[in-house]
file model.pdb (PDB, C-alpha atoms)
ATOM      1  CA  MET A   1      -6.534 129.941  39.948  1.00  0.00           C
ATOM      2  CA  SER A   2      -4.174 128.656  37.272  1.00  0.00           C
ATOM      3  CA  PHE A   3      -4.012 125.007  36.324  1.00  0.00           C
ATOM      4  CA  GLN A   4      -0.518 124.827  37.827  1.00  0.00           C
ATOM      5  CA  ALA A   5      -1.800 126.392  41.060  1.00  0.00           C
ATOM      6  CA  TYR A   6      -4.373 123.595  41.338  1.00  0.00           C
ATOM      7  CA  LEU A   7      -1.603 121.001  41.030  1.00  0.00           C
ATOM      8  CA  ASP A   8       0.554 122.835  43.585  1.00  0.00           C
ATOM      9  CA  ALA A   9      -2.415 122.852  45.976  1.00  0.00           C
ATOM     10  CA  VAL A  10      -2.899 119.104  45.433  1.00  0.00           C
ATOM     11  CA  GLU A  11       0.705 118.630  46.533  1.00  0.00           C
ATOM     12  CA  ASP A  12       0.058 120.729  49.668  1.00  0.00           C
ATOM     13  CA  LYS A  13      -3.109 118.759  50.486  1.00  0.00           C
ATOM     14  CA  THR A  14      -1.710 115.269  49.877  1.00  0.00           C
ATOM     15  CA  GLY A  15       2.026 115.535  50.533  1.00  0.00           C
ATOM     16  CA  LEU A  16       2.579 113.876  47.145  1.00  0.00           C
ATOM     17  CA  THR A  17       3.754 115.455  43.928  1.00  0.00           C
ATOM     18  CA  PRO A  18       1.331 115.333  41.024  1.00  0.00           C
ATOM     19  CA  ARG A  19       3.664 112.865  39.282  1.00  0.00           C
ATOM     20  CA  GLN A  20       3.519 110.523  42.286  1.00  0.00           C
ATOM     21  CA  ILE A  21      -0.277 110.617  42.171  1.00  0.00           C
ATOM     22  CA  VAL A  22      -0.242 109.994  38.406  1.00  0.00           C
ATOM     23  CA  ASP A  23       2.014 106.969  38.976  1.00  0.00           C
ATOM     24  CA  LEU A  24      -0.296 105.638  41.704  1.00  0.00           C
ATOM     25  CA  ALA A  25      -3.304 106.149  39.435  1.00  0.00           C
ATOM     26  CA  HIS A  26      -1.634 104.222  36.627  1.00  0.00           C
ATOM     27  CA  GLU A  27      -0.781 101.417  39.076  1.00  0.00           C
ATOM     28  CA  ARG A  28      -4.524 101.231  39.839  1.00  0.00           C
ATOM     29  CA  GLY A  29      -5.237 100.858  36.137  1.00  0.00           C
ATOM     30  CA  PHE A  30      -6.435 104.397  35.434  1.00  0.00           C
ATOM     31  CA  ASP A  31      -5.331 105.623  32.002  1.00  0.00           C
ATOM     32  CA  GLU A  32      -6.458 107.705  29.018  1.00  0.00           C
ATOM     33  CA  THR A  33      -9.542 105.493  28.610  1.00  0.00           C
ATOM     34  CA  THR A  34     -10.793 105.993  32.177  1.00  0.00           C
ATOM     35  CA  LYS A  35     -13.774 108.291  32.745  1.00  0.00           C
ATOM     36  CA  ALA A  36     -13.438 111.078  35.315  1.00  0.00           C
ATOM     37  CA  GLY A  37     -15.915 109.594  37.818  1.00  0.00           C
ATOM     38  CA  PRO A  38     -13.859 106.648  39.072  1.00  0.00           C
ATOM     39  CA  ILE A  39     -10.716 108.764  39.321  1.00  0.00           C
ATOM     40  CA  LEU A  40     -12.538 111.525  41.215  1.00  0.00           C
ATOM     41  CA  GLU A  41     -13.995 108.980  43.611  1.00  0.00           C
ATOM     42  CA  TRP A  42     -10.555 107.475  44.277  1.00  0.00           C
ATOM     43  CA  LEU A  43      -8.970 110.910  44.805  1.00  0.00           C
ATOM     44  CA  LYS A  44     -11.751 111.917  47.194  1.00  0.00           C
ATOM     45  CA  ASP A  45     -11.688 108.664  49.179  1.00  0.00           C
ATOM     46  CA  GLU A  46      -7.903 108.313  49.298  1.00  0.00           C
ATOM     47  CA  TYR A  47      -6.787 111.963  49.573  1.00  0.00           C
ATOM     48  CA  GLY A  48      -9.853 114.061  50.396  1.00  0.00           C
ATOM     49  CA  LEU A  49      -9.628 116.032  47.157  1.00  0.00           C
ATOM     50  CA  GLY A  50     -12.654 117.974  45.985  1.00  0.00           C
ATOM     51  CA  ARG A  51     -13.923 118.220  42.439  1.00  0.00           C
ATOM     52  CA  GLY A  52     -11.767 121.156  41.268  1.00  0.00           C
ATOM     53  CA  HIS A  53      -8.474 119.724  42.432  1.00  0.00           C
ATOM     54  CA  GLY A  54      -9.617 116.270  41.371  1.00  0.00           C
ATOM     55  CA  MET A  55     -10.415 117.398  37.828  1.00  0.00           C
ATOM     56  CA  ALA A  56      -6.955 118.943  37.513  1.00  0.00           C
ATOM     57  CA  MET A  57      -5.514 115.554  38.434  1.00  0.00           C
ATOM     58  CA  VAL A  58      -7.923 113.750  36.092  1.00  0.00           C
ATOM     59  CA  HIS A  59      -6.482 115.810  33.249  1.00  0.00           C
ATOM     60  CA  VAL A  60      -2.862 114.881  33.948  1.00  0.00           C
ATOM     61  CA  ILE A  61      -3.742 111.243  34.662  1.00  0.00           C
ATOM     62  CA  THR A  62      -5.667 110.831  31.413  1.00  0.00           C
ATOM     63  CA  LYS A  63      -4.032 113.381  29.087  1.00  0.00           C
ATOM     64  CA  GLY A  64      -0.561 114.093  30.484  1.00  0.00           C
ATOM     65  CA  PRO A  65       0.991 117.461  31.382  1.00  0.00           C
ATOM     66  CA  GLN A  66       0.130 119.336  28.160  1.00  0.00           C
ATOM     67  CA  ILE A  67      -2.684 121.885  28.347  1.00  0.00           C
ATOM     68  CA  PRO A  68      -4.284 124.008  25.629  1.00  0.00           C
ATOM     69  CA  SER A  69      -2.274 127.152  24.956  1.00  0.00           C
ATOM     70  CA  LYS A  70      -5.348 129.418  25.015  1.00  0.00           C
ATOM     71  CA  HIS A  71      -4.708 130.425  28.643  1.00  0.00           C
ATOM     72  CA  VAL A  72      -0.931 130.736  28.380  1.00  0.00           C
ATOM     73  CA  GLY A  73       0.091 134.347  28.817  1.00  0.00           C
ATOM     74  CA  SER A  74      -3.551 135.487  28.976  1.00  0.00           C
ATOM     75  CA  SER A  75      -4.812 137.857  31.612  1.00  0.00           C
ATOM     76  CA  GLY A  76      -7.682 135.685  32.845  1.00  0.00           C
ATOM     77  CA  THR A  77      -8.074 133.910  36.155  1.00  0.00           C
ATOM     78  CA  HIS A  78      -6.987 130.557  34.752  1.00  0.00           C
ATOM     79  CA  ARG A  79      -3.823 131.787  33.026  1.00  0.00           C
ATOM     80  CA  ASP A  80      -0.663 129.698  33.093  1.00  0.00           C
ATOM     81  CA  GLU A  81       2.936 130.555  32.238  1.00  0.00           C
ATOM     82  CA  SER A  82       3.441 127.475  30.060  1.00  0.00           C
ATOM     83  CA  ASP A  83       1.417 124.903  28.138  1.00  0.00           C
ATOM     84  CA  THR A  84       3.292 122.157  29.991  1.00  0.00           C
ATOM     85  CA  LEU A  85       2.430 121.577  33.633  1.00  0.00           C
ATOM     86  CA  TRP A  86       5.174 120.819  36.165  1.00  0.00           C
ATOM     87  CA  LEU A  87       4.401 117.493  37.864  1.00  0.00           C
ATOM     88  CA  ASP A  88       7.574 116.948  39.897  1.00  0.00           C
ATOM     89  CA  GLY A  89       6.855 119.146  42.882  1.00  0.00           C
ATOM     90  CA  LYS A  90       6.903 122.818  43.754  1.00  0.00           C
ATOM     91  CA  VAL A  91      10.393 122.702  45.259  1.00  0.00           C
ATOM     92  CA  THR A  92      11.960 121.472  42.012  1.00  0.00           C
ATOM     93  CA  LYS A  93       9.963 123.738  39.669  1.00  0.00           C
ATOM     94  CA  PRO A  94      12.239 125.845  37.461  1.00  0.00           C
ATOM     95  CA  ALA A  95      11.892 129.589  37.929  1.00  0.00           C
TER      96      ALA A  95
END
call {"tool": "encode", "arguments": {"input": "model.pdb", "output": "structure tokens"}}
result
Amino acid sequence: MSFQAYLDAVEDKTGLTPRQIVDLAHERGFDETTKAGPILEWLKDEYGLGRGHGMAMVHVITKGPQIPSKHVGSSGTHRDESDTLWLDGKVTKPA
């Protein structure tokens, strides 16, 4: 599953875009200095997200939408089309 696919699944599970969840996390005080544990706990308690989907959100909450380019255009399971994740919802994602 690509990184973007994890974020799209988070949107399906929660009804919120990844950007909305990032904004809510920042309102709670989570930022680049926050360890994964407290964010994962919040995502599980509030939205029922498991570890895989939660860790995808931890990345964008703490590091933003940029991902390493090593999987971009690769043929592996975790390949992505771009090194920048789309956080504004599947419906508005450019083709």
call {"tool": "resolve_selection", "arguments": {"input": "model.pdb", "expression": "the PyMOL selection byres ((chain A and resi 83) around 9)", "output": "ChimeraX atom specification"}}
result
/A:65-72,80-82,84-85
call {"tool": "atom_distance", "arguments": {"input": "model.pdb", "atom1": "CA of Lys93 in chain A", "atom2": "CA of Glu32 in chain A"}}
result
25.3 Å
call {"tool": "residues_around", "arguments": {"input": "model.pdb", "residues": "range 27-31 of chain A", "least_positions_apart": "4", "cutoff": "8 Å", "atoms": "all atoms listed in the file", "output": "MDAnalysis selection string"}}
result
chainID A and resid 23 39 61:62
call {"tool": "resolve_selection", "arguments": {"input": "model.pdb", "expression": "the PyMOL selection byres ((chain A and resi 9) around 12)", "output": "list of chain:residue names"}}
result
A:Met1, A:Ser2, A:Phe3, A:Gln4, A:Ala5, A:Tyr6, A:Leu7, A:Asp8, A:Val10, A:Glu11, A:Asp12, A:Lys13, A:Thr14, A:Gly15, A:Leu16, A:Thr17, A:Pro18, A:Leu49, A:Gly50, A:Gly52, A:His53, A:Gly54, A:Ala56, A:Met57, A:Leu87, A:Gly89, A:Lys90
call {"tool": "atom_distance", "arguments": {"input": "model.pdb", "atom1": "CA of Leu40 in chain A", "atom2": "CA of Pro94 in chain A"}}
result
28.9 Å
